[in-house]
Amino acid sequence: MIVRQKLNTFKIFFTLRGSIVPKIYPQILLVTLLSIIVTTIQHWSPSAFPSYGTAPFTLLGVALSLFLGFRNNASYQRWWEGRCLWGQLVYDSRSFTRQVLSFVDDDTEAGRDAQRSMIHLTIAFAHAVRHRLRGTEPWQEIEPFVPTVHHDSMRQAKNVPDYIMRLLGKQLGDVRRQQLSSELMVQNMDERLTSMTIVLAACERIHYTPLPFAYMLLVHRTTYLYCITLPFGLVASLGWVTPLICAVIAYAFFGLDALSEELEEPFGFASNQLPLMALSRTIEINLLDAMGETDIPPEITPINSYLQ
């Protein structure tokens with residue numbers, strides 16, 4: 001995710017980091033080149049293209065704007081829901097850790113081991129959720145927080161975060177059986193685990209359910225058809241200004257199309273997608289600090305205004 005301070009008016013026009021321009025400049029160049037060719041032909045042979053009215057392009061432009069606006073709203077809603085879910089995961093992780101440290105009896109070695117194990121598994125769960133959503137290998141980050149006896153079975157699990165959550169549930173059951181906490185507090189802690197499971201399921205729903213392909217295809221085709229045919233409708237009235245106007249319109253429409261496609265999947269590595277590494281590292285730091293650990297990893301900071 002791009003993290004930068006407010007830019008002044010001059011820098012806005014020349015900022016590429018986080019901009020959608022690098023993704024759509026081939027389309028803009030195509031439309032501009034076509035507009036120059038059409039304008040040149042019109043200049044040397046004014047009768048080459050009939051004089052079309054702009055009404056059809058106005059109507060199609062309004063319809064296309066509505067389509068793009070609807071798709072951008074849907075994509076942004078997915079992006080914002082993903083951010084809210086990770087905020088919920090941060091909240092649940094902190095709350096669960098506070099309950100474990102406050103209400104699990106630490107007068108015995110068994111109680112202290114249970115506290116440490118459950119908090120470490122919570123950290124592993126946060127990292128595992130990130131890796132599952134991004135399709136990356138999680139073992140280097142999560143194995144230090146999972147007991148060695150479970151490593152082999154964890155590597156064979158189809159859903160690693162869910163496997164870790166089952167380990168957390170079994171650990172909480174052991175706490176109840178050993179009477180290290182009251183029945184009421186065990187129930188409250190189980191509700192936190194259930195909430196974290198809901199976060200996982202909701203993130204998977206967003207990740208594995210894209211917007212309908214037919215709708216995306218319609219928007220893509222309409223955008224290309226509109227921008228490619230636009231020079232023919234404007235050249236008679238605008239003349240040599242046609243390439244500039246068509247380039248600006250192509251930037252707006254292709255940019256909205258590409259941006260909505262990027263926001264549709266909020267859990268990736270693109271510039272405008274969510275900083276899952278920073279969020280999961282925040283959970284790790286908070287939980288280790290709550291345990292009184294001193295060997296705490298540093299926070300993830302932006303590199304060239306990009307926060308992973």
# chains A, B, ... in the order shown; residues from 1 in each chain; ligands from 1

$ closest_atom_pairs --of "stretch 194-251 of chain A" --to "stretch 126-150 of chain A" --cutoff "8 Å" --atoms "only C-alpha atoms" --output "tab-separated table"
residue	atom	partner	partner_atom	distance
A:Leu200	CA	A:Val129	CA	6.7
A:Cys203	CA	A:Leu133	CA	7.6
A:Glu204	CA	A:Leu133	CA	7.1
A:His207	CA	A:Leu133	CA	6.8

$ write_last_selection --atoms "C-alpha atoms" --output "PDB file, in the first residue's frame"
ATOM      1  CA  LEU A 200     -10.412 -16.115   8.071  1.00  0.00           C
ATOM      2  CA  CYS A 203     -11.122 -13.085   3.846  1.00  0.00           C
ATOM      3  CA  GLU A 204     -11.288 -16.371   1.935  1.00  0.00           C
ATOM      4  CA  HIS A 207     -10.181 -13.849  -2.138  1.00  0.00           C
TER       5      HIS A 207
END

$ residues_around --residues "A:Leu60" --least-positions-apart "2" --cutoff "12 Å" --atoms "only C-alpha atoms" --output "list in words"
Thr54, Ala55, Pro56, Phe57, Thr58, Val62, Ala63, Leu64, Ser65, Leu66, Phe67, Val219, Thr222, Thr223, Leu225, Tyr226, Cys227, Thr229 and Leu230 of chain A

$ residues_around --residues "A:Trp79" --least-positions-apart "3" --cutoff "7 Å" --atoms "only C-alpha atoms" --output "PyMOL selection string"
chain A and resi 75-76+82-83+263-264+266

$ residues_around --residues "stretch 33-48 of chain A" --least-positions-apart "3" --cutoff "9 Å" --atoms "only C-alpha atoms" --output "list in words"
Ile28, Leu29, Leu30, Ser51, Ile228, Leu230, Pro231, Phe232, Val235, Ala236, Gly239, Trp240, Val241, Thr242, Pro243, Leu244, Cys246 and Ala247 of chain A

$ residues_around --residues "stretch 276-283 of chain A" --least-positions-apart "6" --cutoff "10 Å" --atoms "only C-alpha atoms" --output "JSON, numbers by chain"
{"A": [1, 83, 86, 87, 89, 90, 91, 92, 93, 94, 122, 123, 124, 125, 126, 127, 128, 129, 130, 131, 133, 134, 266, 267, 268, 269, 289, 297, 298, 299, 300, 301, 302, 307, 308]}

$ write_last_selection --atoms "C-alpha atoms" --output "mmCIF file, in the first residue's frame"
data_model
loop_
_atom_site.group_PDB
_atom_site.id
_atom_site.type_symbol
_atom_site.label_atom_id
_atom_site.label_comp_id
_atom_site.auth_asym_id
_atom_site.auth_seq_id
_atom_site.Cartn_x
_atom_site.Cartn_y
_atom_site.Cartn_z
ATOM 1 C CA MET A 1 0.000 0.000 0.000
ATOM 2 C CA ARG A 83 -9.159 -3.783 5.758
ATOM 3 C CA TRP A 86 -7.768 -7.318 9.360
ATOM 4 C CA GLY A 87 -8.588 -4.629 11.867
ATOM 5 C CA LEU A 89 -8.101 -9.692 13.556
ATOM 6 C CA VAL A 90 -5.817 -7.210 15.321
ATOM 7 C CA TYR A 91 -8.552 -6.521 17.868
ATOM 8 C CA ASP A 92 -9.333 -10.208 18.456
ATOM 9 C CA SER A 93 -5.646 -11.122 18.805
ATOM 10 C CA ARG A 94 -5.036 -8.426 21.405
ATOM 11 C CA THR A 122 -2.185 -16.686 17.732
ATOM 12 C CA ILE A 123 0.858 -15.031 16.158
ATOM 13 C CA ALA A 124 1.304 -18.025 13.857
ATOM 14 C CA PHE A 125 -2.363 -17.798 12.878
ATOM 15 C CA ALA A 126 -2.035 -14.146 11.796
ATOM 16 C CA HIS A 127 1.010 -14.899 9.643
ATOM 17 C CA ALA A 128 -0.640 -18.012 8.210
ATOM 18 C CA VAL A 129 -3.727 -16.045 7.159
ATOM 19 C CA ARG A 130 -1.531 -13.568 5.290
ATOM 20 C CA HIS A 131 0.395 -16.287 3.486
ATOM 21 C CA LEU A 133 -4.329 -15.020 1.023
ATOM 22 C CA ARG A 134 -1.141 -14.194 -0.878
ATOM 23 C CA PRO A 266 -7.153 -6.434 -1.803
ATOM 24 C CA PHE A 267 -4.694 -9.008 -0.438
ATOM 25 C CA GLY A 268 -1.933 -8.984 -3.054
ATOM 26 C CA PHE A 269 1.364 -7.139 -3.476
ATOM 27 C CA ASP A 289 5.333 -7.257 24.070
ATOM 28 C CA PRO A 297 11.150 -7.829 15.640
ATOM 29 C CA PRO A 298 11.096 -4.267 14.266
ATOM 30 C CA GLU A 299 8.009 -2.725 12.752
ATOM 31 C CA ILE A 300 7.541 -2.830 8.986
ATOM 32 C CA THR A 301 8.216 0.653 7.647
ATOM 33 C CA PRO A 302 7.470 2.067 4.176
ATOM 34 C CA LEU A 307 4.212 -0.446 2.836
ATOM 35 C CA GLN A 308 4.099 -4.204 2.342
#
